[in-house]
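To start, the structure under review is shown below, and the notes come after it.
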Amino acid sequence: MSTTAPEFLNAPRPPPGVPAVVAAMGTIPGMWAICIVPTMLGLIKAEYAVSYGYGWAMAGLGLATLLNAPIVATPSLCFGLDMITRQHALLYVLFGLRLNSFLAFRSNLPVFKKLVQTIEDKRNANAPEGFVMNRLSRLPFILSCSALYFGMGAPLYLTKMYGASIVQGSALWMTAKAGVVAMYTGFVLEAVGDYQKLREKSKTDGLVTKGLYRYLRHPNYSGEQLLWLGSCITGLASCAAAAVEGGLTRGMLKWVAGTVFGFAGIQYVLMQATTTLEKKQSVKYATNPDYQSWVQKTWGGFTFAPTQQVDDPSRSQNNTKAGP
């Protein structure tokens with residue numbers, strides 16, 4: 001393990017003429033601010049911390065990377081960044097903008113307005129009385145979300161710092177490119193899945209089995225899991241290339257740890273969401289024969305335990321626990 005100068009001393013400089021506020025966004029404190037400030041929307045409605053706050057944090061991290069491109073000697077590099085870093089940062093921007101545009105559009109539908117209000121009412125029912133104390137009680141949750149978003153931004157930081165170290169055509173280059181492909185594939189799956197489900201749910205509250213849902217029961221969740229897996233792969237491949245070239249530093253290890261934390265955290269959240277939705281559907285559509293047929297033909301994504309397909313009281317005595 002090499003003992004080089006502190007990483008921040010070797011960090012790329014932003015281009016000349018970049019406003020101080022924009023330049024600050026590319027620093028580590030700036031990254032924290034990008035993750036914390038939009039998540040504070042949770043003080044307005046608790047649900048906003050994990051919806052709009054999530055989207056703006058990811059878009060902000062990507063935009064900060066693009067705007068704070070280092071000064072390089074190769075003028076052909078768009079934004080002063082190598083191709084992999086550009087693609088990685090752009091994905092974050094697209095993800096955040098797409099998510100928040102979708103949420104804003106969906107919020108105009110009566111059924112989803114009611115859902116958001118129900119979440120808020122449940123949160124307030126278990127919170128201290130009084131506006132100030134109520135909001136203060138949300139801060140631990142808001143800050144924990146911000147920490148998760150920071151960890152999810154760690155792979156992008158690794159790519160920004162070390163992506164240029166990857167030798168084109170090498171095994172690590174192919175690994176990083178595979179991560180990029182996984183990111184954009186997951187992005188498309190999530191976006192299309194959200195659109196198709198919203199379209200069908202705006203017509204009826206029934207089971208959605210068309211489009212991607214003919215093959216995947218939760219393509220939006222599965223797509224997002226694939227997206228963040230790809231981000232993790234690309235960031236770690238970039239770091240590995242720099243480590244092979246110049247040795248592993250403590251700074252690298254810290255960001256690798258942050259990457260693992262962010263990846264594990266978002267995968268846990270998405271697996272929990274998938275598991276919960278699987279259980280709800282097994283109850284809601286327990287007497288629907290189409291549901292059983294659909295379950296047999298589709299993949300439910302990654303869950304914490306196999307889900308009981310039917311919660312039918314008349315058959316409950318013959319059911320056994322699925323999984324440990």
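Scheme for the structure tokens: letters A, B, ... for chains in order shown; per-chain residue numbers from 1; ligand numbers from 1 in order shown.
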
All residues 7 Å or closer to Trp56 of chain A, only C-alpha atoms, same chain fewer than 3 positions away omitted, as a count of residues only
6

Skipping near chain neighbours, those fewer than 4 positions away, what residues fall within 10 Å of Val208 of chain A using only C-alpha atoms, listed as a PyMOL selection string?
chain A and resi 196-201+204+212-214+217-218+291+294

Could you take the residues named above and write them with N, CA, C and O atoms, as a short mmCIF file (atom, residue, chain, number, x, y, z; two decimals), in the first residue's frame?
```cif
data_model
loop_
_atom_site.label_atom_id
_atom_site.label_comp_id
_atom_site.auth_asym_id
_atom_site.auth_seq_id
_atom_site.Cartn_x
_atom_site.Cartn_y
_atom_site.Cartn_z
N GLN A 196 -45.19 2.13 -18.05
CA GLN A 196 -46.21 1.13 -18.37
C GLN A 196 -47.14 0.89 -17.19
O GLN A 196 -48.36 0.77 -17.37
N LYS A 197 -46.59 0.86 -16.00
CA LYS A 197 -47.44 0.64 -14.83
C LYS A 197 -48.34 1.85 -14.57
O LYS A 197 -49.53 1.70 -14.25
N LEU A 198 -47.79 3.04 -14.73
CA LEU A 198 -48.59 4.25 -14.53
C LEU A 198 -49.72 4.32 -15.54
O LEU A 198 -50.85 4.66 -15.19
N ARG A 199 -49.43 3.97 -16.77
CA ARG A 199 -50.45 3.99 -17.82
C ARG A 199 -51.59 3.04 -17.51
O ARG A 199 -52.77 3.39 -17.65
N GLU A 200 -51.25 1.83 -17.07
CA GLU A 200 -52.28 0.85 -16.78
C GLU A 200 -53.05 1.20 -15.50
O GLU A 200 -54.26 1.04 -15.44
N LYS A 201 -52.34 1.67 -14.48
CA LYS A 201 -52.99 1.99 -13.22
C LYS A 201 -53.90 3.22 -13.33
O LYS A 201 -54.82 3.38 -12.52
N THR A 204 -57.13 1.35 -14.62
CA THR A 204 -57.76 0.40 -13.71
C THR A 204 -56.80 0.06 -12.59
O THR A 204 -55.57 0.21 -12.75
N LEU A 212 -43.31 -4.97 -20.35
CA LEU A 212 -42.25 -5.63 -19.60
C LEU A 212 -42.79 -6.53 -18.52
O LEU A 212 -42.11 -7.48 -18.09
N TYR A 213 -44.01 -6.25 -18.06
CA TYR A 213 -44.61 -7.02 -16.98
C TYR A 213 -45.04 -8.42 -17.43
O TYR A 213 -45.45 -9.23 -16.61
N ARG A 214 -44.91 -8.70 -18.71
CA ARG A 214 -45.13 -10.06 -19.19
C ARG A 214 -43.98 -10.97 -18.78
O ARG A 214 -44.12 -12.19 -18.75
N ARG A 217 -42.06 -9.09 -12.96
CA ARG A 217 -43.18 -8.60 -12.15
C ARG A 217 -42.93 -7.19 -11.63
O ARG A 217 -43.87 -6.45 -11.37
N HIS A 218 -41.65 -6.82 -11.50
CA HIS A 218 -41.32 -5.49 -10.99
C HIS A 218 -40.13 -4.92 -11.77
O HIS A 218 -39.04 -4.74 -11.20
N TYR A 291 -53.50 -14.21 -11.77
CA TYR A 291 -52.32 -13.88 -10.98
C TYR A 291 -51.42 -15.11 -10.85
O TYR A 291 -50.20 -15.01 -11.03
N TRP A 294 -49.65 -15.73 -14.04
CA TRP A 294 -48.64 -14.69 -14.27
C TRP A 294 -47.40 -14.94 -13.43
O TRP A 294 -46.27 -14.80 -13.91
#
```

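If you measure from each of A:Lys45, A:Ser202, A:Leu227, A:Leu81 to Arg135 of chain A using only C-alpha atoms, the closest one turns out to be A:Lys45.
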
Could you pull the residues within 12 Å of segment 275-281 of chain A, counting only C-alpha atoms, minus those fewer than 5 positions along the same chain, as a PyMOL selection string?
chain A and resi 205-208+217-218+221-222+267-270+286-288+291-292+294-295+299-311

Would you mind exporting N, CA, C and O atoms of the selected residues as a short mmCIF file (atom, residue, chain, number, x, y, z; two decimals), in the first residue's frame?
```
data_model
loop_
_atom_site.label_atom_id
_atom_site.label_comp_id
_atom_site.auth_asym_id
_atom_site.auth_seq_id
_atom_site.Cartn_x
_atom_site.Cartn_y
_atom_site.Cartn_z
N ASP A 205 -57.33 -0.42 -11.49
CA ASP A 205 -56.50 -0.78 -10.35
C ASP A 205 -56.16 -2.27 -10.37
O ASP A 205 -55.76 -2.84 -9.36
N GLY A 206 -56.31 -2.88 -11.54
CA GLY A 206 -56.06 -4.31 -11.65
C GLY A 206 -54.60 -4.66 -11.81
O GLY A 206 -53.71 -3.81 -11.73
N LEU A 207 -54.34 -5.92 -12.06
CA LEU A 207 -53.00 -6.45 -12.22
C LEU A 207 -52.40 -5.97 -13.54
O LEU A 207 -53.07 -6.01 -14.58
N VAL A 208 -51.15 -5.53 -13.51
CA VAL A 208 -50.47 -5.08 -14.73
C VAL A 208 -49.62 -6.24 -15.26
O VAL A 208 -48.69 -6.69 -14.59
N ARG A 217 -42.06 -9.09 -12.96
CA ARG A 217 -43.18 -8.60 -12.15
C ARG A 217 -42.93 -7.19 -11.63
O ARG A 217 -43.87 -6.45 -11.37
N HIS A 218 -41.65 -6.82 -11.50
CA HIS A 218 -41.32 -5.49 -10.99
C HIS A 218 -40.13 -4.92 -11.77
O HIS A 218 -39.04 -4.74 -11.20
N TYR A 221 -38.21 -1.85 -10.20
CA TYR A 221 -37.28 -2.16 -9.11
C TYR A 221 -36.07 -2.95 -9.62
O TYR A 221 -34.93 -2.65 -9.26
N SER A 222 -36.31 -3.95 -10.45
CA SER A 222 -35.22 -4.77 -10.98
C SER A 222 -34.28 -3.92 -11.83
O SER A 222 -33.05 -4.08 -11.78
N GLN A 267 -29.55 -1.54 -2.42
CA GLN A 267 -30.04 -2.89 -2.74
C GLN A 267 -30.97 -3.40 -1.64
O GLN A 267 -32.00 -4.03 -1.91
N TYR A 268 -30.64 -3.10 -0.40
CA TYR A 268 -31.51 -3.49 0.72
C TYR A 268 -32.88 -2.81 0.57
O TYR A 268 -33.93 -3.45 0.73
N VAL A 269 -32.86 -1.50 0.30
CA VAL A 269 -34.12 -0.75 0.16
C VAL A 269 -34.97 -1.32 -0.97
O VAL A 269 -36.18 -1.52 -0.82
N LEU A 270 -34.34 -1.60 -2.11
CA LEU A 270 -35.09 -2.10 -3.27
C LEU A 270 -35.57 -3.53 -3.06
O LEU A 270 -36.67 -3.89 -3.49
N ALA A 286 -55.28 -12.88 -4.47
CA ALA A 286 -55.28 -14.27 -4.03
C ALA A 286 -56.31 -15.13 -4.76
O ALA A 286 -56.07 -16.30 -5.03
N THR A 287 -57.45 -14.56 -5.09
CA THR A 287 -58.52 -15.32 -5.75
C THR A 287 -58.53 -15.12 -7.26
O THR A 287 -59.47 -15.57 -7.92
N ASN A 288 -57.53 -14.45 -7.78
CA ASN A 288 -57.47 -14.17 -9.21
C ASN A 288 -56.64 -15.25 -9.90
O ASN A 288 -55.43 -15.33 -9.71
N TYR A 291 -53.50 -14.21 -11.77
CA TYR A 291 -52.32 -13.88 -10.98
C TYR A 291 -51.42 -15.11 -10.85
O TYR A 291 -50.20 -15.01 -11.03
N GLN A 292 -52.00 -16.27 -10.55
CA GLN A 292 -51.20 -17.48 -10.40
C GLN A 292 -50.48 -17.83 -11.70
O GLN A 292 -49.30 -18.20 -11.70
N TRP A 294 -49.65 -15.73 -14.04
CA TRP A 294 -48.64 -14.69 -14.27
C TRP A 294 -47.40 -14.94 -13.43
O TRP A 294 -46.27 -14.80 -13.91
N VAL A 295 -47.59 -15.33 -12.18
CA VAL A 295 -46.46 -15.60 -11.28
C VAL A 295 -45.60 -16.74 -11.83
O VAL A 295 -44.36 -16.69 -11.75
N TRP A 299 -40.55 -13.36 -13.56
CA TRP A 299 -39.55 -13.32 -12.50
C TRP A 299 -39.89 -12.17 -11.57
O TRP A 299 -40.10 -11.04 -12.00
N GLY A 300 -39.89 -12.44 -10.28
CA GLY A 300 -40.28 -11.44 -9.29
C GLY A 300 -39.16 -10.55 -8.81
O GLY A 300 -39.39 -9.68 -7.98
N GLY A 301 -37.95 -10.77 -9.30
CA GLY A 301 -36.83 -9.95 -8.86
C GLY A 301 -36.20 -10.50 -7.59
O GLY A 301 -36.57 -11.56 -7.09
N PHE A 302 -35.25 -9.76 -7.06
CA PHE A 302 -34.55 -10.18 -5.84
C PHE A 302 -35.36 -9.78 -4.62
O PHE A 302 -35.72 -8.62 -4.43
N THR A 303 -35.69 -10.76 -3.80
CA THR A 303 -36.43 -10.53 -2.57
C THR A 303 -35.69 -11.20 -1.42
O THR A 303 -34.75 -11.97 -1.64
N PHE A 304 -36.11 -10.93 -0.21
CA PHE A 304 -35.44 -11.49 0.96
C PHE A 304 -35.81 -12.94 1.21
O PHE A 304 -35.09 -13.66 1.87
N ALA A 305 -36.96 -13.35 0.72
CA ALA A 305 -37.39 -14.73 0.91
C ALA A 305 -38.43 -15.04 -0.15
O ALA A 305 -39.15 -14.15 -0.60
N PRO A 306 -38.51 -16.30 -0.59
CA PRO A 306 -39.57 -16.65 -1.53
C PRO A 306 -40.93 -16.26 -0.98
O PRO A 306 -41.22 -16.46 0.20
N THR A 307 -41.75 -15.68 -1.84
CA THR A 307 -43.05 -15.19 -1.41
C THR A 307 -44.13 -16.23 -1.62
O THR A 307 -44.22 -16.84 -2.67
N GLN A 308 -44.94 -16.41 -0.60
CA GLN A 308 -46.10 -17.29 -0.71
C GLN A 308 -47.03 -16.72 -1.78
O GLN A 308 -47.42 -15.56 -1.73
N GLN A 309 -47.38 -17.50 -2.77
CA GLN A 309 -48.10 -16.99 -3.92
C GLN A 309 -49.54 -16.66 -3.61
O GLN A 309 -50.09 -15.70 -4.12
N VAL A 310 -50.18 -17.45 -2.75
CA VAL A 310 -51.59 -17.23 -2.49
C VAL A 310 -51.85 -17.29 -1.00
O VAL A 310 -51.42 -18.22 -0.32
N ASP A 311 -52.51 -16.27 -0.48
CA ASP A 311 -52.93 -16.28 0.91
C ASP A 311 -54.42 -16.60 0.96
O ASP A 311 -55.25 -15.73 1.18
#
```

I need the residues of segment 18-262 of chain A that end up classed as alpha helix (DSSP H) by DSSP on the backbone, written out as number ranges by chain.
A: 20-25, 28-39, 52-67, 83-106, 110-125, 131-136, 139-162, 171-201, 219-246, 250-262

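Candidate residues A:Leu91, A:Val116, A:Leu148, A:Ala257 were compared for distance to Met183 of chain A, and the nearest is A:Leu91, using only C-alpha atoms.
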
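Nearest residue to Tyr162 of chain A among A:Trp255, A:Tyr184, A:Tyr149, A:Phe131 is A:Trp255, counting only C-alpha atoms.
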